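Participant: Structure file target-v7.cif (mmCIF, C-alpha atoms and all ligand atoms) right here:
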```cif
data_upload
loop_
_atom_site.label_atom_id
_atom_site.label_comp_id
_atom_site.auth_asym_id
_atom_site.auth_seq_id
_atom_site.Cartn_x
_atom_site.Cartn_y
_atom_site.Cartn_z
CA MET E 1 -13.33 39.33 -23.89
CA TYR E 2 -16.80 38.28 -22.83
CA ALA E 3 -19.40 36.54 -24.94
CA GLU E 4 -21.72 38.81 -26.87
CA ARG E 5 -25.14 39.13 -25.33
CA VAL E 6 -28.33 41.04 -25.93
CA LEU E 7 -30.38 42.22 -22.97
CA SER E 8 -33.82 43.77 -23.07
CA GLY E 9 -36.54 44.20 -20.48
CA MET E 10 -40.12 45.37 -20.19
CA ARG E 11 -42.05 46.70 -17.26
CA PRO E 12 -45.02 44.46 -16.45
CA THR E 13 -48.01 46.28 -17.84
CA GLY E 14 -50.37 43.32 -18.22
CA SER E 15 -51.69 42.47 -21.66
CA LEU E 16 -49.49 43.80 -24.42
CA HIS E 17 -50.94 45.52 -27.46
CA LEU E 18 -50.05 45.56 -31.13
CA GLY E 19 -47.86 48.62 -30.56
CA HIS E 20 -45.61 46.49 -28.31
CA TYR E 21 -45.59 43.78 -30.95
CA HIS E 22 -44.53 46.04 -33.81
CA GLY E 23 -42.28 48.27 -31.69
CA VAL E 24 -40.41 45.73 -29.55
CA LEU E 25 -41.38 42.10 -29.86
CA LYS E 26 -40.82 41.74 -33.60
CA ASN E 27 -37.30 42.96 -33.02
CA TRP E 28 -36.82 40.41 -30.21
CA LEU E 29 -37.96 37.65 -32.58
CA THR E 30 -35.20 38.60 -35.01
CA LEU E 31 -32.56 39.06 -32.33
CA GLN E 32 -33.21 35.72 -30.67
CA HIS E 33 -31.96 33.99 -33.83
CA GLN E 34 -28.89 36.21 -34.15
CA HIS E 35 -27.43 36.45 -30.63
CA PRO E 36 -27.73 34.92 -27.17
CA CYS E 37 -30.60 36.97 -25.73
CA LEU E 38 -31.84 37.66 -22.23
CA PHE E 39 -35.36 39.09 -21.99
CA PHE E 40 -36.64 40.04 -18.56
CA VAL E 41 -39.67 41.36 -16.71
CA ALA E 42 -38.55 44.59 -15.06
CA ASP E 43 -40.81 44.27 -12.01
CA TRP E 44 -38.58 46.33 -9.72
CA HIS E 45 -38.69 49.09 -12.29
CA ALA E 46 -42.47 49.04 -12.05
CA LEU E 47 -42.09 49.72 -8.32
CA THR E 48 -40.06 52.87 -8.93
CA THR E 49 -43.23 54.63 -10.07
CA GLN E 50 -45.87 52.25 -8.72
CA TYR E 51 -44.54 51.79 -5.19
CA ASP E 52 -47.89 52.75 -3.68
CA ASP E 53 -49.88 50.29 -5.77
CA PRO E 54 -47.91 47.06 -6.17
CA GLN E 55 -50.81 44.60 -6.09
CA GLY E 56 -51.13 44.01 -9.82
CA ILE E 57 -47.42 43.52 -10.59
CA VAL E 58 -47.27 39.74 -10.29
CA GLY E 59 -50.42 39.12 -12.33
CA SER E 60 -49.30 41.59 -14.98
CA SER E 61 -45.93 39.89 -15.19
CA TRP E 62 -47.42 36.47 -15.94
CA GLU E 63 -49.85 37.97 -18.41
CA MET E 64 -47.03 39.76 -20.20
CA ILE E 65 -44.85 36.64 -20.36
CA ILE E 66 -47.70 34.73 -22.02
CA ASP E 67 -47.87 37.54 -24.58
CA TRP E 68 -44.14 37.23 -25.25
CA LEU E 69 -44.57 33.51 -25.86
CA ALA E 70 -47.66 34.14 -27.94
CA ALA E 71 -45.74 36.58 -30.11
CA GLY E 72 -43.14 33.89 -30.81
CA VAL E 73 -40.41 34.58 -28.28
CA ASP E 74 -38.80 31.17 -28.03
CA PRO E 75 -37.59 30.05 -24.60
CA THR E 76 -35.30 27.49 -26.23
CA GLN E 77 -33.50 30.35 -28.00
CA ALA E 78 -33.66 33.14 -25.44
CA THR E 79 -33.49 33.25 -21.65
CA LEU E 80 -36.68 34.67 -20.13
CA PHE E 81 -36.61 35.72 -16.50
CA ILE E 82 -38.00 38.02 -13.84
CA GLN E 83 -35.71 40.73 -12.47
CA SER E 84 -36.70 40.36 -8.79
CA GLN E 85 -36.00 36.62 -8.95
CA VAL E 86 -32.34 37.35 -9.62
CA PRO E 87 -31.49 39.31 -6.47
CA GLU E 88 -27.93 39.88 -7.67
CA HIS E 89 -29.37 42.82 -9.66
CA ALA E 90 -30.13 44.53 -6.33
CA GLU E 91 -26.70 43.78 -4.95
CA LEU E 92 -24.97 45.25 -7.98
CA HIS E 93 -27.29 48.26 -7.86
CA LEU E 94 -26.30 48.84 -4.23
CA LEU E 95 -22.59 48.48 -4.92
CA LEU E 96 -22.75 50.78 -7.94
CA SER E 97 -24.60 53.33 -5.84
CA MET E 98 -21.48 53.64 -3.69
CA MET E 99 -19.57 55.17 -6.57
CA ALA E 100 -22.22 56.73 -8.81
CA PRO E 101 -22.07 60.51 -8.48
CA LEU E 102 -25.43 61.99 -7.52
CA GLY E 103 -25.10 64.63 -10.26
CA TRP E 104 -25.05 61.93 -12.93
CA LEU E 105 -28.44 60.67 -11.79
CA GLU E 106 -29.97 64.10 -11.48
CA ARG E 107 -28.84 64.95 -15.00
CA VAL E 108 -30.47 61.91 -16.68
CA PRO E 109 -32.88 63.62 -19.11
CA THR E 110 -35.89 61.45 -18.26
CA TYR E 111 -35.64 62.16 -14.51
CA LYS E 112 -37.19 65.63 -14.62
CA ASP E 113 -39.38 64.78 -17.65
CA GLN E 114 -41.01 61.82 -15.96
CA GLN E 115 -41.47 63.66 -12.69
CA GLU E 116 -43.32 66.39 -14.57
CA LYS E 117 -45.30 63.93 -16.70
CA LEU E 118 -46.41 61.87 -13.71
CA GLU E 119 -47.03 64.89 -11.53
CA SER E 120 -49.96 63.21 -9.77
CA LYS E 121 -47.42 60.90 -8.12
CA ASP E 122 -44.84 61.77 -5.54
CA LEU E 123 -41.67 60.69 -7.30
CA SER E 124 -39.23 62.50 -5.07
CA THR E 125 -38.05 59.09 -3.91
CA TYR E 126 -34.66 57.48 -3.67
CA GLY E 127 -35.84 54.57 -5.85
CA PHE E 128 -37.03 56.82 -8.66
CA LEU E 129 -33.83 58.85 -8.71
CA GLY E 130 -31.82 55.63 -8.76
CA TYR E 131 -33.74 53.80 -11.47
CA PRO E 132 -31.20 54.55 -14.24
CA LEU E 133 -28.58 52.99 -11.99
CA LEU E 134 -30.78 49.94 -11.49
CA GLN E 135 -31.10 49.81 -15.25
CA SER E 136 -27.29 49.94 -15.51
CA ALA E 137 -27.02 47.11 -13.01
CA ASP E 138 -29.50 45.08 -15.12
CA ILE E 139 -27.27 45.49 -18.15
CA LEU E 140 -23.83 45.31 -16.56
CA ILE E 141 -24.56 42.23 -14.50
CA TYR E 142 -24.84 40.19 -17.73
CA ARG E 143 -21.92 41.95 -19.38
CA ALA E 144 -24.41 42.55 -22.17
CA ASP E 145 -22.73 44.37 -25.01
CA LYS E 146 -25.90 44.91 -27.01
CA VAL E 147 -28.99 46.65 -25.73
CA PRO E 148 -31.78 47.25 -28.24
CA VAL E 149 -33.11 50.76 -27.70
CA GLY E 150 -34.84 53.55 -29.53
CA GLU E 151 -33.12 56.88 -30.11
CA ASP E 152 -34.62 58.37 -26.93
CA GLN E 153 -33.06 55.69 -24.74
CA VAL E 154 -29.50 56.18 -25.99
CA PRO E 155 -28.62 58.53 -23.07
CA HIS E 156 -29.43 55.67 -20.68
CA ILE E 157 -26.97 53.40 -22.43
CA GLU E 158 -24.36 56.15 -22.37
CA PHE E 159 -25.03 56.47 -18.64
CA SER E 160 -24.39 52.73 -18.20
CA ARG E 161 -21.19 53.02 -20.20
CA GLU E 162 -19.99 55.80 -17.91
CA VAL E 163 -20.85 53.75 -14.85
CA ALA E 164 -18.89 50.75 -16.23
CA ARG E 165 -15.95 52.99 -17.15
CA ARG E 166 -15.86 54.54 -13.70
CA PHE E 167 -16.13 51.15 -12.04
CA ASN E 168 -13.31 49.68 -14.13
CA HIS E 169 -11.19 52.74 -13.51
CA LEU E 170 -11.70 52.59 -9.73
CA TYR E 171 -11.55 48.85 -9.19
CA GLY E 172 -9.92 47.39 -12.28
CA ARG E 173 -6.42 48.02 -11.03
CA GLU E 174 -5.54 44.71 -9.45
CA ALA E 175 -2.32 44.53 -7.41
CA GLY E 176 0.72 44.22 -9.69
CA PHE E 177 -1.46 44.93 -12.76
CA ASP E 178 1.32 46.34 -14.96
CA GLU E 179 3.64 43.46 -14.20
CA LYS E 180 0.90 40.89 -14.86
CA ALA E 181 0.00 42.65 -18.09
CA ARG E 182 3.64 42.64 -19.26
CA GLU E 183 3.79 38.90 -18.50
CA ALA E 184 0.62 38.42 -20.55
CA VAL E 185 2.19 40.32 -23.46
CA LYS E 186 5.06 37.82 -23.50
CA LYS E 187 2.54 34.99 -23.87
CA LEU E 188 1.57 36.38 -27.28
CA GLY E 189 4.87 35.19 -28.78
CA SER E 190 7.72 37.53 -29.66
CA LYS E 191 6.42 38.78 -33.02
CA ARG E 192 2.88 39.47 -31.83
CA ALA E 193 4.17 40.89 -28.54
CA ARG E 194 6.26 43.40 -30.48
CA SER E 195 3.30 44.42 -32.67
CA PHE E 196 0.98 44.65 -29.66
CA THR E 197 3.43 46.90 -27.79
CA GLN E 198 3.88 49.15 -30.84
CA LEU E 199 0.11 49.45 -31.32
CA ARG E 200 -0.38 50.22 -27.62
CA THR E 201 2.28 52.91 -27.70
CA TYR E 202 0.83 54.33 -30.88
CA PHE E 203 -2.69 54.47 -29.38
CA GLN E 204 -1.54 55.99 -26.11
CA GLN E 205 0.53 58.64 -27.90
CA ASN E 206 -1.85 59.47 -30.74
CA GLY E 207 -5.25 58.27 -29.52
CA ASP E 208 -5.69 56.40 -32.81
CA LYS E 209 -8.63 54.01 -32.41
CA THR E 210 -7.61 51.93 -35.43
CA ALA E 211 -4.51 50.92 -33.46
CA VAL E 212 -6.83 49.58 -30.74
CA GLU E 213 -8.88 47.68 -33.30
CA ARG E 214 -5.76 46.15 -34.82
CA ALA E 215 -4.48 45.17 -31.38
CA HIS E 216 -7.82 43.51 -30.56
CA ALA E 217 -7.68 41.63 -33.87
CA LEU E 218 -4.21 40.47 -32.96
CA LEU E 219 -5.46 39.20 -29.57
CA ASP E 220 -8.27 37.36 -31.34
CA GLU E 221 -5.66 35.40 -33.28
CA VAL E 222 -4.31 33.90 -30.04
CA ALA E 223 -6.84 31.19 -29.28
CA ASP E 224 -5.15 29.76 -26.20
CA LEU E 225 -4.84 33.04 -24.28
CA ALA E 226 -6.45 32.69 -20.82
CA PRO E 227 -9.54 34.92 -20.38
CA ALA E 228 -7.96 36.77 -17.43
CA ASP E 229 -4.89 37.61 -19.54
CA ARG E 230 -7.07 38.71 -22.42
CA GLU E 231 -8.98 41.10 -20.13
CA ARG E 232 -5.73 42.43 -18.67
CA LEU E 233 -4.32 43.06 -22.11
CA CYS E 234 -7.45 44.90 -23.19
CA GLY E 235 -7.18 47.15 -20.13
CA TYR E 236 -3.41 47.53 -20.57
CA LEU E 237 -3.93 48.52 -24.20
CA GLU E 238 -6.38 51.33 -23.46
CA GLY E 239 -4.99 52.27 -20.06
CA THR E 240 -8.22 51.45 -18.23
CA GLY E 241 -7.04 48.56 -16.08
CA LYS E 242 -8.77 45.21 -16.01
CA MET E 243 -12.20 45.24 -17.60
CA ILE E 244 -14.61 43.89 -14.99
CA LEU E 245 -17.81 45.41 -16.29
CA VAL E 246 -18.38 45.56 -20.01
CA GLU E 247 -19.39 48.90 -21.54
CA PRO E 248 -22.67 48.18 -23.32
CA GLY E 249 -23.47 49.34 -26.83
CA ALA E 250 -26.83 50.59 -28.03
CA LEU E 251 -28.38 48.42 -30.70
CA LEU E 252 -30.45 51.11 -32.35
CA THR E 253 -33.88 49.90 -33.34
CA ALA E 254 -35.83 51.69 -36.02
CA ALA E 255 -38.58 53.81 -34.50
CA SER E 256 -41.93 52.19 -34.98
CA ARG E 257 -44.96 54.35 -34.68
CA MET E 258 -47.74 51.83 -34.64
CA PRO E 259 -50.92 53.85 -35.08
CA GLY E 260 -53.73 53.36 -32.62
CA LEU E 261 -57.44 53.35 -33.31
CA ASP E 262 -57.56 57.15 -33.30
CA GLY E 263 -54.46 57.80 -35.41
CA GLN E 264 -52.26 58.71 -32.43
CA LYS E 265 -49.45 56.36 -31.47
CA MET E 266 -50.94 53.19 -29.99
CA SER E 267 -50.68 53.49 -26.22
CA LYS E 268 -52.61 52.27 -23.20
CA SER E 269 -52.75 55.81 -21.86
CA TYR E 270 -54.61 57.01 -24.98
CA GLY E 271 -57.13 54.15 -24.76
CA ASN E 272 -56.62 53.38 -28.47
CA THR E 273 -55.17 49.87 -28.35
CA ILE E 274 -55.87 46.41 -29.66
CA THR E 275 -54.29 43.79 -27.46
CA LEU E 276 -52.22 40.95 -28.85
CA ARG E 277 -54.80 38.28 -28.15
CA GLU E 278 -57.98 40.34 -28.25
CA ASP E 279 -60.91 38.29 -29.47
CA ALA E 280 -62.01 38.61 -33.08
CA ALA E 281 -65.42 40.13 -32.32
CA SER E 282 -63.88 42.90 -30.26
CA VAL E 283 -61.21 43.65 -32.90
CA THR E 284 -63.88 43.81 -35.60
CA GLN E 285 -66.06 46.11 -33.57
CA LYS E 286 -63.18 48.43 -32.64
CA VAL E 287 -62.00 48.84 -36.23
CA ARG E 288 -65.53 49.29 -37.56
CA ARG E 289 -66.02 52.11 -35.04
CA MET E 290 -62.77 53.86 -35.95
CA PRO E 291 -63.07 57.51 -36.95
CA THR E 292 -62.42 58.26 -40.61
CA ASP E 293 -61.75 61.37 -42.69
CA PRO E 294 -64.22 63.83 -41.10
CA ALA E 295 -65.01 65.26 -44.56
CA ARG E 296 -66.59 61.96 -45.62
CA ILE E 297 -69.95 62.43 -44.08
CA ARG E 298 -72.00 60.65 -46.74
CA ARG E 299 -71.09 57.58 -48.75
CA ASP E 300 -70.73 59.63 -51.94
CA ASP E 301 -68.42 62.29 -50.40
CA PRO E 302 -64.88 61.76 -51.69
CA GLY E 303 -62.29 61.40 -48.91
CA ASN E 304 -58.62 61.86 -48.30
CA PRO E 305 -56.76 58.86 -46.83
CA ASP E 306 -54.03 61.16 -45.51
CA LEU E 307 -56.56 62.53 -43.03
CA CYS E 308 -57.86 59.12 -41.95
CA PRO E 309 -56.51 56.87 -39.18
CA VAL E 310 -57.70 53.78 -41.07
CA TRP E 311 -55.24 54.56 -43.87
CA GLN E 312 -52.39 54.47 -41.32
CA LEU E 313 -53.39 50.91 -40.45
CA HIS E 314 -53.58 50.02 -44.14
CA GLN E 315 -49.92 51.05 -44.34
CA VAL E 316 -49.13 48.41 -41.72
CA TYR E 317 -51.43 45.62 -42.83
CA SER E 318 -52.20 45.97 -46.54
CA ASP E 319 -50.19 45.14 -49.63
CA GLU E 320 -49.63 47.57 -52.49
CA THR E 321 -52.65 46.41 -54.49
CA CYS E 322 -54.96 46.94 -51.56
CA GLN E 323 -53.40 50.30 -50.74
CA ALA E 324 -53.92 51.44 -54.34
CA TRP E 325 -57.56 50.27 -54.09
CA VAL E 326 -58.02 52.40 -50.93
CA GLN E 327 -56.40 55.47 -52.44
CA GLN E 328 -58.43 55.30 -55.59
CA GLY E 329 -61.68 54.20 -53.95
CA CYS E 330 -61.54 56.77 -51.14
CA ARG E 331 -60.67 59.75 -53.31
CA SER E 332 -63.36 58.89 -55.87
CA ALA E 333 -65.96 57.84 -53.28
CA GLY E 334 -65.90 54.49 -55.05
CA ILE E 335 -65.76 52.55 -51.77
CA GLY E 336 -67.46 52.96 -48.43
CA CYS E 337 -65.57 53.27 -45.17
CA LEU E 338 -66.81 49.95 -43.76
CA GLU E 339 -65.72 48.25 -46.97
CA CYS E 340 -62.33 49.95 -46.66
CA LYS E 341 -61.90 48.80 -43.06
CA GLN E 342 -62.44 45.12 -43.82
CA PRO E 343 -58.90 44.36 -45.13
CA VAL E 344 -57.49 46.00 -41.98
CA ILE E 345 -59.67 43.79 -39.80
CA ASP E 346 -58.59 40.75 -41.83
CA GLY E 347 -54.92 41.75 -41.55
CA ILE E 348 -55.06 42.18 -37.77
CA LEU E 349 -56.94 38.91 -37.26
CA ALA E 350 -54.45 37.06 -39.47
CA GLU E 351 -51.57 38.47 -37.46
CA GLN E 352 -53.22 37.51 -34.18
CA GLU E 353 -54.28 34.01 -35.17
CA PRO E 354 -50.92 32.27 -34.56
CA MET E 355 -50.51 34.26 -31.37
CA ARG E 356 -53.75 32.94 -29.95
CA GLU E 357 -52.72 29.43 -30.93
CA ARG E 358 -49.30 29.73 -29.33
CA ALA E 359 -50.79 31.15 -26.11
CA GLN E 360 -53.41 28.44 -25.66
CA PRO E 361 -51.21 25.70 -24.13
CA TYR E 362 -49.90 28.21 -21.58
CA LEU E 363 -53.39 29.34 -20.70
CA ASP E 364 -54.50 25.71 -20.36
CA ASP E 365 -51.55 24.85 -18.13
CA PRO E 366 -49.93 27.87 -16.40
CA ARG E 367 -47.30 25.53 -14.93
CA LEU E 368 -45.61 25.54 -18.35
CA VAL E 369 -45.00 29.27 -18.07
CA ARG E 370 -43.71 28.92 -14.53
CA GLU E 371 -41.29 26.21 -15.61
CA ILE E 372 -39.96 28.38 -18.45
CA ILE E 373 -39.39 31.25 -16.06
CA ALA E 374 -37.88 29.05 -13.34
CA ASP E 375 -35.43 27.76 -15.90
CA GLY E 376 -34.68 31.29 -17.16
CA ASN E 377 -34.25 32.63 -13.62
CA ARG E 378 -31.76 29.85 -12.94
CA LYS E 379 -29.74 30.54 -16.09
CA ALA E 380 -29.76 34.31 -15.57
CA ARG E 381 -28.72 33.87 -11.95
CA GLN E 382 -25.78 31.74 -12.94
CA LEU E 383 -24.49 34.48 -15.26
CA ALA E 384 -25.18 37.17 -12.69
CA ARG E 385 -23.28 35.27 -10.02
CA GLU E 386 -20.20 35.05 -12.23
CA THR E 387 -20.12 38.82 -12.58
CA MET E 388 -20.82 39.41 -8.90
CA ARG E 389 -17.92 37.18 -7.91
CA ASP E 390 -15.58 39.50 -9.85
CA VAL E 391 -17.34 42.65 -8.65
CA ARG E 392 -17.14 41.67 -4.99
CA ALA E 393 -13.49 40.72 -5.32
CA ALA E 394 -12.68 43.98 -7.12
CA MET E 395 -14.42 45.98 -4.37
CA GLY E 396 -12.52 44.18 -1.64
CA LEU E 397 -15.47 42.08 -0.48
CA ASP E 398 -14.11 38.62 -1.18
CA TYR E 399 -14.48 36.71 2.11
CA SER E 400 -13.78 33.28 0.66
S1 LIG E 501 -62.57 55.17 -47.46
FE1 LIG E 501 -61.00 54.35 -46.11
S2 LIG E 501 -59.33 55.84 -46.12
FE2 LIG E 501 -61.15 56.84 -46.98
S3 LIG E 501 -62.07 57.88 -45.24
FE3 LIG E 501 -63.09 55.91 -45.42
S4 LIG E 501 -61.91 54.57 -44.05
FE4 LIG E 501 -60.68 56.36 -44.43
#
```
As a first step, turn the structure in this file into structure tokens.
Ligand code: SF4
Facilitator:
Amino acid sequence: MYAERVLSGMRPTGSLHLGHYHGVLKNWLTLQHQHPCLFFVADWHALTTQYDDPQGIVGSSWEMIIDWLAAGVDPTQATLFIQSQVPEHAELHLLLSMMAPLGWLERVPTYKDQQEKLESKDLSTYGFLGYPLLQSADILIYRADKVPVGEDQVPHIEFSREVARRFNHLYGREAGFDEKAREAVKKLGSKRARSFTQLRTYFQQNGDKTAVERAHALLDEVADLAPADRERLCGYLEGTGKMILVEPGALLTAASRMPGLDGQKMSKSYGNTITLREDAASVTQKVRRMPTDPARIRRDDPGNPDLCPVWQLHQVYSDETCQAWVQQGCRSAGIGCLECKQPVIDGILAEQEPMRERAQPYLDDPRLVREIIADGNRKARQLARETMRDVRAAMGLDYS
């Protein structure tokens, strides 16, 4: 089997906001300590909808990478790279396009949705239709078995799984596969070989997944089994042939609805954001100008925090004592709105402080960021090349 890997990407949108931090980056910070992680700038994905206005992509990419680093993404733990700098993604996308049925792409739920949402743009393009396949190539090229996604993105992961399954089915049948697999079974030793064969038969006759799990556990016990034999045996077990592309799994991330300055979800398109490294004066001013419960017109009108966007931010930034103070003070008109907003301002500034500090060396010397990315591009490319060697060979394109 292949090493476990997490892959996650972001389109370059320029400066990130606190919604990105709470919704995505905090999760990356945890993951980078748990698994080998690859985090990438999806600049080609930006072109699928922004093909007529590509000028800002490079600048936005660098800006976004500095925000990743500012948030605490650690390049010594995770590999950071830019999609277009690993051209193997495009090659795999092209090769997958040879076998991906058109109907699969047209049925991806976001295809029609996005076209309708972005109706001011002409998205009847080949690139836009194919973007889920490009996304599959991004994942499959690293044999990433874990992709952090929200509930709404699960269909995309399922799509990638189907693509990998179809690929393995079409091209995973190397010449003499059954014979090679039987030889590999013998290498397990007679007792294990017997158990493996029984479990395989049991699975293929009854479809019992626990038999597959037990057979995998048995393979894990054999430390000196060559990787190629291990892959063959996995394919032989489930009747799928040799596994060349790994079916990815969705690593479901809890939905985070970071409230914006108006109470709606924080989003650039709503104009209600605070950026990760926004200066303190601007943060203070934005929060002080936030709308509050419309019923609190005068200082001595009691309010209802449930109807106030500021309360939503208290739920992110304030501890229980402070939240109790807001509830009591608001409902009894014991506190004023500006007074109530101060702990939110303090909480945001405290969260941003280390981010500004971490970003400073990269702002002072942009070469540091370029070196990190050059190193990440190199590492990612090495992994991508390994997969492409197998993919080309499986598709009959090995000219060596
Ligand atoms: S006191 Fe606080 S929660 Fe109540 S309306 Fe004013 S800002 Fe909102």
Participant: Hey, which residues come within 12 Å of ligand LIG 501 (chain E) if we count only C-alpha atoms and all ligand atoms? Could you give them as an MDAnalysis selection string?
Facilitator: chainID E and resid 261:263 287:315 322:345
Participant: What would the file look like if the residues just selected were written as an mmCIF file, in the frame of the given file with C-alpha atoms?
Facilitator:
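Final output, saved to selection-v1.cif:
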```cif
data_model
loop_
_atom_site.group_PDB
_atom_site.id
_atom_site.type_symbol
_atom_site.label_atom_id
_atom_site.label_comp_id
_atom_site.auth_asym_id
_atom_site.auth_seq_id
_atom_site.Cartn_x
_atom_site.Cartn_y
_atom_site.Cartn_z
ATOM 1 C CA LEU E 261 -57.440 53.350 -33.310
ATOM 2 C CA ASP E 262 -57.560 57.150 -33.300
ATOM 3 C CA GLY E 263 -54.460 57.800 -35.410
ATOM 4 C CA VAL E 287 -62.000 48.840 -36.230
ATOM 5 C CA ARG E 288 -65.530 49.290 -37.560
ATOM 6 C CA ARG E 289 -66.020 52.110 -35.040
ATOM 7 C CA MET E 290 -62.770 53.860 -35.950
ATOM 8 C CA PRO E 291 -63.070 57.510 -36.950
ATOM 9 C CA THR E 292 -62.420 58.260 -40.610
ATOM 10 C CA ASP E 293 -61.750 61.370 -42.690
ATOM 11 C CA PRO E 294 -64.220 63.830 -41.100
ATOM 12 C CA ALA E 295 -65.010 65.260 -44.560
ATOM 13 C CA ARG E 296 -66.590 61.960 -45.620
ATOM 14 C CA ILE E 297 -69.950 62.430 -44.080
ATOM 15 C CA ARG E 298 -72.000 60.650 -46.740
ATOM 16 C CA ARG E 299 -71.090 57.580 -48.750
ATOM 17 C CA ASP E 300 -70.730 59.630 -51.940
ATOM 18 C CA ASP E 301 -68.420 62.290 -50.400
ATOM 19 C CA PRO E 302 -64.880 61.760 -51.690
ATOM 20 C CA GLY E 303 -62.290 61.400 -48.910
ATOM 21 C CA ASN E 304 -58.620 61.860 -48.300
ATOM 22 C CA PRO E 305 -56.760 58.860 -46.830
ATOM 23 C CA ASP E 306 -54.030 61.160 -45.510
ATOM 24 C CA LEU E 307 -56.560 62.530 -43.030
ATOM 25 C CA CYS E 308 -57.860 59.120 -41.950
ATOM 26 C CA PRO E 309 -56.510 56.870 -39.180
ATOM 27 C CA VAL E 310 -57.700 53.780 -41.070
ATOM 28 C CA TRP E 311 -55.240 54.560 -43.870
ATOM 29 C CA GLN E 312 -52.390 54.470 -41.320
ATOM 30 C CA LEU E 313 -53.390 50.910 -40.450
ATOM 31 C CA HIS E 314 -53.580 50.020 -44.140
ATOM 32 C CA GLN E 315 -49.920 51.050 -44.340
ATOM 33 C CA CYS E 322 -54.960 46.940 -51.560
ATOM 34 C CA GLN E 323 -53.400 50.300 -50.740
ATOM 35 C CA ALA E 324 -53.920 51.440 -54.340
ATOM 36 C CA TRP E 325 -57.560 50.270 -54.090
ATOM 37 C CA VAL E 326 -58.020 52.400 -50.930
ATOM 38 C CA GLN E 327 -56.400 55.470 -52.440
ATOM 39 C CA GLN E 328 -58.430 55.300 -55.590
ATOM 40 C CA GLY E 329 -61.680 54.200 -53.950
ATOM 41 C CA CYS E 330 -61.540 56.770 -51.140
ATOM 42 C CA ARG E 331 -60.670 59.750 -53.310
ATOM 43 C CA SER E 332 -63.360 58.890 -55.870
ATOM 44 C CA ALA E 333 -65.960 57.840 -53.280
ATOM 45 C CA GLY E 334 -65.900 54.490 -55.050
ATOM 46 C CA ILE E 335 -65.760 52.550 -51.770
ATOM 47 C CA GLY E 336 -67.460 52.960 -48.430
ATOM 48 C CA CYS E 337 -65.570 53.270 -45.170
ATOM 49 C CA LEU E 338 -66.810 49.950 -43.760
ATOM 50 C CA GLU E 339 -65.720 48.250 -46.970
ATOM 51 C CA CYS E 340 -62.330 49.950 -46.660
ATOM 52 C CA LYS E 341 -61.900 48.800 -43.060
ATOM 53 C CA GLN E 342 -62.440 45.120 -43.820
ATOM 54 C CA PRO E 343 -58.900 44.360 -45.130
ATOM 55 C CA VAL E 344 -57.490 46.000 -41.980
ATOM 56 C CA ILE E 345 -59.670 43.790 -39.800
#
```
Participant: Could you check the closest approach to Met395 of chain E for each of E:Thr275, E:Asn168, E:Thr79, E:Gln352 and tell me which residue wins, using all atoms listed in the file?
Facilitator: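 Residue with the minimum atom-to-atom distance to Met395 of chain E: E:Asn168.
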Participant: When you count only C-alpha atoms, which of these residues is closest to Glu247 of chain E: E:Cys234, E:Val316, E:Ala374, E:Leu140?
Facilitator: E:Leu140
Participant: Got a sec: who's within 9 Å of Pro354 of chain E, counting only C-alpha atoms, leaving out chain neighbours fewer than 3 positions off, as a VMD selection string?
Facilitator: chain E and resid 70 to 72 350 to 351 357 to 359
Participant: At a cut-off of 9 Å, using only C-alpha atoms, what residues contact segment 22-36 of chain E? Leave out same-chain residues fewer than 3 positions from it and give the result as a list in words.
Facilitator: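 Those residues are Ala3, Glu4, Arg5, Val6, Leu7, Ser8, Leu18, Gly19, Phe39, Trp68, Ala71, Gly72, Val73, Asp74, Gln77, Ala78, Thr79, Pro148, Thr253, Ala254, Ala255, Ser256, Arg257 and Met258 of chain E.
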Participant: May I ask for the distance between atom CA of Arg200 of chain E and atom CA of Glu231 of chain E, given in Å to one decimal place?
Facilitator: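 Between atom CA of Arg200 of chain E and atom CA of Glu231 of chain E the gap works out to 14.6 Å.
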Participant: For a test of reading the model, state the distance in Å between atom CA of Leu170 of chain E and atom CA of Ile244 of chain E, rounded to one decimal.
Facilitator: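 One can read the atom CA of Leu170 of chain E to atom CA of Ile244 of chain E distance as 10.6 Å.
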Participant: Atom CA of Asp375 of chain E and atom CA of Met64 of chain E are how many Å apart?
Facilitator: 17.2 Å
Participant: Which residues are near Pro366 of chain E? Cut-off 12 Å, only C-alpha atoms, ignore same chain within fewer than 5 positions. Put them as number ranges by chain.
Facilitator: E: 59, 62-63, 65-66, 359-361, 371-373
Participant: Go through E:Leu363, E:Leu233, E:Leu219, E:Leu133 one by one, measure the shortest atom-to-atom distance of each to Leu102 of chain E using only C-alpha atoms, and give the residue with the smallest value.
Facilitator: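 Once distances to Leu102 of chain E are computed over only C-alpha atoms, the minimum belongs to E:Leu133.
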Participant: Quick one: everything within 10 Å of segment 205-211 of chain E, counting only C-alpha atoms, minus sequence neighbours fewer than 5 positions away in the same chain. Send it as JSON, numbers by chain.
Facilitator: {"E": [196, 198, 199, 200, 216, 217, 237, 238]}
Participant: Write the selection just made, keeping C-alpha atoms, as a CSV table (one decimal), in the coordinates of the input?
Facilitator:
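Result file follows (selection-v8.csv):
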```
chain,number,residue,atom,x,y,z
E,196,PHE,CA,1.0,44.6,-29.7
E,198,GLN,CA,3.9,49.2,-30.8
E,199,LEU,CA,0.1,49.4,-31.3
E,200,ARG,CA,-0.4,50.2,-27.6
E,216,HIS,CA,-7.8,43.5,-30.6
E,217,ALA,CA,-7.7,41.6,-33.9
E,237,LEU,CA,-3.9,48.5,-24.2
E,238,GLU,CA,-6.4,51.3,-23.5
```
Participant: Near segment 382-394 of chain E, within 10 Å and counting only C-alpha atoms, which residues show up once chain neighbours fewer than 6 positions away are dropped, as an MDAnalysis selection string?
Facilitator: chainID E and resid 86:89 91:92 95:96 138 140:143 167:168 170:174 242 244:245 376 400
